[in-house]
>>> print(open('data09.txt').read())   # compact mmCIF, C-alpha atoms
# COMPACT_ATOMS: atom_id res chain seq x y z
CA MET C 487 -13.82 5.31 -4.97
CA THR C 488 -12.31 3.38 -2.09
CA THR C 489 -11.76 -0.33 -1.59
CA THR C 490 -11.91 -2.26 1.68
CA VAL C 491 -10.03 -5.47 2.41
CA GLU C 492 -10.71 -7.71 5.41
CA LYS C 493 -8.51 -10.74 6.09
CA SER C 494 -7.88 -12.97 9.13
CA ILE C 495 -5.46 -15.76 9.96
CA LEU C 496 -4.85 -18.06 12.93
CA VAL C 497 -1.24 -18.28 14.08
CA ASN C 498 0.06 -20.94 16.43
CA VAL C 499 1.84 -18.65 18.89
CA PRO C 500 0.64 -16.81 22.02
CA VAL C 501 -0.92 -13.38 21.46
CA SER C 502 2.04 -11.58 23.06
CA VAL C 503 4.45 -13.21 20.59
CA ALA C 504 2.32 -12.35 17.53
CA TYR C 505 1.80 -8.78 18.71
CA ASN C 506 5.43 -8.23 19.71
CA GLN C 507 6.58 -9.32 16.26
CA TRP C 508 4.14 -6.95 14.59
CA THR C 509 5.65 -4.00 16.48
CA GLN C 510 8.92 -4.70 14.69
CA PHE C 511 7.93 -2.74 11.60
CA GLU C 512 11.41 -2.79 10.09
CA GLU C 513 11.08 -6.59 9.87
CA PHE C 514 8.08 -6.39 7.53
CA PRO C 515 10.16 -6.90 4.35
CA HIS C 516 10.77 -10.47 5.56
CA PHE C 517 7.14 -11.38 4.95
CA MET C 518 5.49 -8.55 2.96
CA GLY C 519 5.76 -8.93 -0.80
CA GLY C 520 7.18 -5.89 -2.58
CA VAL C 521 8.15 -4.03 0.61
CA LYS C 522 11.84 -3.21 0.40
CA GLU C 523 12.41 -1.11 3.48
CA ILE C 524 10.58 0.44 6.43
CA THR C 525 12.25 3.04 8.61
CA GLN C 526 10.92 3.86 12.08
CA LEU C 527 11.14 7.65 12.19
CA SER C 528 9.64 7.83 15.69
CA ASP C 529 7.33 5.78 17.89
CA ASP C 530 4.36 6.76 15.70
CA ARG C 531 5.93 7.57 12.29
CA LEU C 532 7.02 5.16 9.54
CA HIS C 533 8.68 5.64 6.16
CA TRP C 534 7.88 2.93 3.59
CA VAL C 535 9.80 1.96 0.45
CA ALA C 536 8.23 -0.54 -1.95
CA GLU C 537 8.94 -1.78 -5.44
CA ILE C 538 6.02 -2.88 -7.57
CA ALA C 539 6.53 -4.24 -11.07
CA GLY C 540 9.95 -2.55 -11.13
CA VAL C 541 8.57 0.81 -9.97
CA ARG C 542 9.93 2.15 -6.69
CA ARG C 543 7.51 4.09 -4.45
CA GLU C 544 7.82 5.74 -1.04
CA TRP C 545 5.31 7.07 1.49
CA GLU C 546 4.86 7.88 5.15
CA ALA C 547 2.29 6.71 7.67
CA GLN C 548 1.33 7.54 11.25
CA VAL C 549 0.36 5.02 13.92
CA LEU C 550 -2.97 6.31 15.27
CA GLU C 551 -3.56 3.80 18.03
CA GLN C 552 -1.42 1.08 19.56
CA VAL C 553 -2.62 -1.14 22.40
CA PRO C 554 -0.32 -3.96 23.57
CA ASP C 555 -1.56 -7.44 22.60
CA GLN C 556 -4.68 -5.96 21.02
CA LYS C 557 -4.25 -3.53 18.14
CA VAL C 558 -2.15 -1.36 15.84
CA SER C 559 -3.93 1.14 13.55
CA TRP C 560 -2.49 3.64 11.06
CA ALA C 561 -3.19 6.16 8.30
CA ALA C 562 -0.97 7.46 5.50
CA THR C 563 0.22 11.05 5.79
CA ALA C 564 1.87 11.26 2.35
CA GLY C 565 1.80 9.15 -0.78
CA ALA C 566 -0.46 6.10 -0.98
CA THR C 567 -3.87 6.95 0.42
CA ASN C 568 -4.62 4.13 2.85
CA ALA C 569 -5.56 3.43 6.43
CA GLY C 570 -6.32 0.40 8.50
CA ALA C 571 -5.82 -1.69 11.59
CA VAL C 572 -4.46 -5.05 12.66
CA THR C 573 -6.05 -6.61 15.73
CA PHE C 574 -4.92 -9.56 17.84
CA GLU C 575 -7.16 -11.93 19.80
CA ASP C 576 -6.09 -14.69 22.17
CA VAL C 577 -8.22 -17.70 21.20
CA GLY C 578 -6.65 -20.07 23.72
CA GLY C 579 -4.30 -22.99 23.39
CA GLY C 580 -1.36 -20.72 22.63
CA ARG C 581 -3.03 -19.49 19.42
CA THR C 582 -3.82 -16.00 18.16
CA SER C 583 -6.32 -14.70 15.63
CA VAL C 584 -4.81 -11.86 13.59
CA HIS C 585 -7.28 -9.68 11.66
CA LEU C 586 -6.40 -7.06 9.04
CA SER C 587 -8.78 -4.25 8.00
CA LEU C 588 -7.53 -2.06 5.16
CA GLU C 589 -9.12 0.75 3.17
CA TYR C 590 -7.35 2.41 0.24
CA GLU C 591 -7.90 4.54 -2.86
CA PRO C 592 -6.57 3.19 -6.17
CA GLU C 593 -4.90 5.94 -8.22
CA GLY C 594 -4.35 5.88 -11.96
CA LEU C 595 -5.34 3.34 -14.59
CA VAL C 596 -2.86 0.64 -13.58
CA GLU C 597 -3.92 0.61 -9.95
CA LYS C 598 -7.61 0.73 -10.85
CA VAL C 599 -7.19 -2.26 -13.14
CA GLY C 600 -5.26 -4.04 -10.41
CA ASP C 601 -8.06 -3.26 -8.00
CA THR C 602 -10.56 -4.87 -10.38
CA LEU C 603 -8.40 -8.01 -10.41
CA ASN C 604 -8.35 -8.09 -6.60
CA ILE C 605 -4.55 -7.88 -6.61
CA VAL C 606 -4.43 -6.04 -3.30
CA GLU C 607 -6.78 -8.48 -1.58
CA ASN C 608 -4.77 -11.45 -2.85
CA GLN C 609 -1.51 -9.86 -1.69
CA ALA C 610 -2.95 -9.16 1.76
CA GLU C 611 -3.83 -12.83 2.11
CA ARG C 612 -0.36 -13.90 0.95
CA ASP C 613 1.33 -11.51 3.36
CA LEU C 614 -0.65 -12.83 6.31
CA ASP C 615 0.27 -16.38 5.29
CA ARG C 616 3.95 -15.34 5.20
CA PHE C 617 3.62 -13.64 8.59
CA LYS C 618 2.21 -16.89 10.01
CA ALA C 619 5.07 -18.92 8.55
CA PHE C 620 7.64 -16.37 9.75
CA ILE C 621 6.52 -16.20 13.38
CA GLU C 622 5.78 -19.93 13.67
CA ASP C 623 9.18 -20.84 12.25
CA GLU C 624 10.89 -18.50 14.72
CA GLY C 625 8.72 -19.54 17.66
CA TYR C 626 9.46 -16.21 19.33
CA ALA C 627 9.37 -12.51 18.45
CA THR C 628 12.59 -10.95 17.16
CA GLY C 629 11.86 -7.89 19.30
CA ALA C 630 9.08 -6.01 21.08
CA TRP C 631 7.82 -2.55 21.91
CA ARG C 632 5.24 -2.56 24.69
CA GLY C 633 4.34 1.11 24.68
CA SER C 634 0.90 2.55 23.88
CA ILE C 635 -0.10 5.27 21.40
CA GLU C 636 -3.30 7.32 21.53
CA THR C 637 -4.26 10.10 19.12
CA GLY C 638 -7.97 10.24 19.87
CA ILE C 639 -8.88 8.28 16.74
CA THR C 640 -10.24 4.88 17.71
CA GLY C 641 -12.02 2.07 15.93
CA THR C 642 -10.83 1.18 12.43
CA PRO C 643 -9.49 4.22 10.52
CA GLY C 644 -10.63 4.86 6.97
CA VAL C 645 -9.17 6.86 4.09
CA GLU C 646 -10.74 9.99 5.55
CA ASP C 647 -8.09 9.69 8.25
CA ALA C 648 -5.46 9.65 5.52
CA ALA C 649 -6.64 12.95 4.05
CA GLU C 650 -3.11 14.38 4.21
CA SER C 651 -1.99 11.85 1.61
CA ARG C 652 -4.63 12.76 -0.96
CA GLY C 653 -3.84 14.92 -3.95
CA ASP C 654 -0.22 13.86 -4.56
CA SER C 655 -1.20 11.14 -7.05
CA GLY C 656 0.74 8.56 -5.09
CA HIS C 657 4.06 10.24 -5.84
CA ALA C 658 5.27 9.33 -2.37
CA GLY C 659 3.68 5.94 -2.25
CA VAL C 660 1.89 3.10 -3.92
CA SER C 661 -1.75 3.68 -3.31
CA ALA C 662 -2.65 0.19 -4.26
CA LYS C 663 0.30 -1.04 -2.38
CA ALA C 664 -1.65 0.26 0.36
CA ALA C 665 -2.82 -3.12 -0.12
CA ALA C 666 -1.41 -5.83 1.84
CA ALA C 667 -0.72 -4.67 4.83
CA GLY C 668 -0.38 -3.53 4.56
CA LEU C 669 -0.58 -4.56 5.39
CA GLY C 670 0.03 -2.59 5.26
CA VAL C 671 -1.27 -5.94 6.44
CA ALA C 672 -0.29 -4.43 7.21
CA ALA C 673 -0.75 -3.80 9.72
CA ALA C 674 -2.29 -3.14 8.33
CA ALA C 675 -1.18 -3.18 8.05
CA THR C 676 -1.52 -2.49 8.88
CA ALA C 677 -0.08 -0.88 9.90
CA ALA C 678 0.89 0.26 10.96
CA VAL C 679 4.09 -0.41 10.92
CA VAL C 680 12.06 0.17 15.23
CA ALA C 681 15.36 -0.57 16.24
CA GLY C 682 17.35 -3.70 16.91
CA ARG C 683 15.66 -6.02 14.39
CA LYS C 684 17.21 -8.19 11.69
CA SER C 685 18.75 -6.06 8.98
CA GLY C 686 18.13 -6.49 5.28
CA SER C 687 15.29 -8.35 3.59
CA ASP C 688 14.73 -11.42 1.50
CA GLU C 689 14.26 -10.92 -2.20
CA THR C 690 10.67 -11.32 -3.29
CA PRO C 691 9.59 -12.64 -6.70
CA PRO C 692 8.34 -10.26 -9.40
CA VAL C 693 4.80 -9.02 -8.89
CA THR C 694 2.21 -10.90 -10.94
CA SER C 695 -1.53 -10.57 -11.34
CA THR C 696 -1.92 -12.41 -8.05
CA ASP C 697 0.75 -10.46 -6.20
CA TYR C 698 0.68 -6.98 -4.80
CA VAL C 699 1.89 -5.07 -1.87
CA ALA C 700 0.34 -3.08 0.82
CA PRO C 701 1.17 -1.32 3.93
CA THR C 702 1.57 -2.48 6.82
CA PRO C 703 2.13 -2.77 8.44
CA SER C 704 -6.89 0.96 9.89
CA PRO C 705 -10.24 1.67 11.18
CA SER C 706 -13.38 3.37 10.49
CA VAL C 707 -12.97 6.60 12.13
CA GLY C 708 -13.98 7.37 15.58
CA SER C 709 -13.31 11.03 14.96
CA LEU C 710 -11.61 13.10 12.33
CA GLU C 711 -10.47 15.59 14.93
CA ALA C 712 -7.65 13.83 16.75
CA ASP C 713 -6.55 14.77 20.23
CA PRO C 714 -2.86 15.39 20.88
CA LEU C 715 -0.66 12.33 20.52
CA VAL C 716 -0.09 10.41 23.73
CA VAL C 717 2.67 7.80 23.87
CA THR C 718 3.05 5.70 26.99
CA ASP C 719 5.28 2.82 27.95
CA ASP C 720 4.60 -0.07 30.32
CA GLY C 721 8.02 0.06 31.91
CA ASP C 722 10.31 -1.07 29.10
CA ASP C 723 13.18 1.17 28.06
CA GLY C 724 10.92 2.98 25.58
CA THR C 725 12.69 1.76 22.48
CA ARG C 726 11.47 -0.72 19.90
CA THR C 727 13.83 -3.67 20.17
>>> encode(input="data09.txt", output="structure tokens")
Amino acid sequence: MTTTVEKSILVNVPVSVAYNQWTQFEEFPHFMGGVKEITQLSDDRLHWVAEIAGVRREWEAQVLEQVPDQKVSWAATAGATNAGAVTFEDVGGGRTSVHLSLEYEPEGLVEKVGDTLNIVENQAERDLDRFKAFIEDEGYATGAWRGSIETGITGTPGVEDAAESRGDSGHAGVSAKAAAAGLGVAAAATAAVVAGRKSGSDETPPVTSTDYVAPTPSPSVGSLEADPLVVTDDGDDGTRT
């Protein structure tokens, strides 16, 4: 059984600022509860480390589609079975609507109970609130990557796009952590979802019944058969800074 989370928030910064910040995946621990570390393995690959209720989990995710100032979508390739997308819309007046779509599969009794208590949904909302506070306090993005990624999978990815992550019982990830983000708001965020950003992360309080994590930080599948990965850049130096 899968669970879908949909959350939106209005941030008081231009769309390019909100989007640019979201491309700085290694900054996610600053506003995503439970996320300890994200490592950018390549333009389209991320390694997540989270700690939930004292339990450390790791997983990997692939960015499936990335369109500057519009969208970042992802799907897990190992560990927590989750997929989703974060979209950005310029609503005028220097404001941006940020929308998270996340689908995940709870694994095991603890995660299924947490799913019943809407822990993931609550965490996704908290993470978006923290993202809003983070970017509005800064007033500018701490970095930006203006390249594009195309794999042939469009729309909002679902767990079927994260098929590679199924069957490992979440050993490499927190399937319910998929939540938030996710996250993996996730972008989910999620994603998904870098070099030259602030190092380290703020300590987050212990997870409670109203806290959870999820990765950054996708869509309902356009196609399960993805075309070869295409990564383009709009003229920047090609690195996420």
>>> atom_distance(input="data09.txt", atom1="atom CA of C:Tyr626", atom2="atom CA of C:Ser502")
9.5 Å
>>> closest_residue(input="data09.txt", among="C:Pro515, C:Pro500, C:Gly565, C:Gly520", to="C:Gln609", atoms="only C-alpha atoms")
C:Gly520
>>> atom_distance(input="data09.txt", atom1="atom CA of C:Ile635", atom2="atom CA of C:Leu614")
23.6 Å
>>> closest_residue(input="data09.txt", among="C:Ala627, C:Val606, C:Val553, C:Ala547", to="C:Thr640", atoms="all atoms listed in the file")
C:Val553
>>> atom_distance(input="data09.txt", atom1="atom CA of C:Phe620", atom2="atom CA of C:Ser494")
15.9 Å
>>> closest_atom_pairs(input="data09.txt", of="stretch 562-587 of chain C", to="stretch 645-649 of chain C", cutoff="8 Å", atoms="all atoms listed in the file", output="tab-separated table")
residue	atom	partner	partner_atom	distance
C:Ala562	CA	C:Ala648	CA	5.0
C:Thr563	CA	C:Ala648	CA	5.9
C:Thr567	CA	C:Ala648	CA	6.0
C:Asn568	CA	C:Val645	CA	5.4
C:Ala569	CA	C:Val645	CA	5.5
>>> closest_residue(input="data09.txt", among="C:Thr525, C:Ser583, C:Gln552, C:Thr573", to="C:Val499", atoms="all atoms listed in the file")
C:Ser583
>>> residues_around(input="data09.txt", residues="C:Gln507", least_positions_apart="3", cutoff="12 Å", atoms="only C-alpha atoms", output="NGL selection string")
:C and (499-504 or 510-514 or 516-517 or 554-555 or 558 or 574 or 584 or 617-618 or 620-622 or 624-632 or 673 or 679-680 or 683-684 or 703 or 726-727)
>>> closest_residue(input="data09.txt", among="C:Val572, C:Asp530, C:Ile495, C:Leu588", to="C:Arg616", atoms="only C-alpha atoms")
C:Ile495
>>> closest_residue(input="data09.txt", among="C:Asn506, C:Asp623, C:Leu586, C:Leu550", to="C:Ala610", atoms="all atoms listed in the file")
C:Leu586
>>> closest_residue(input="data09.txt", among="C:Ser587, C:Thr509, C:Ser559, C:Asn498", to="C:Gly638", atoms="all atoms listed in the file")
C:Ser559
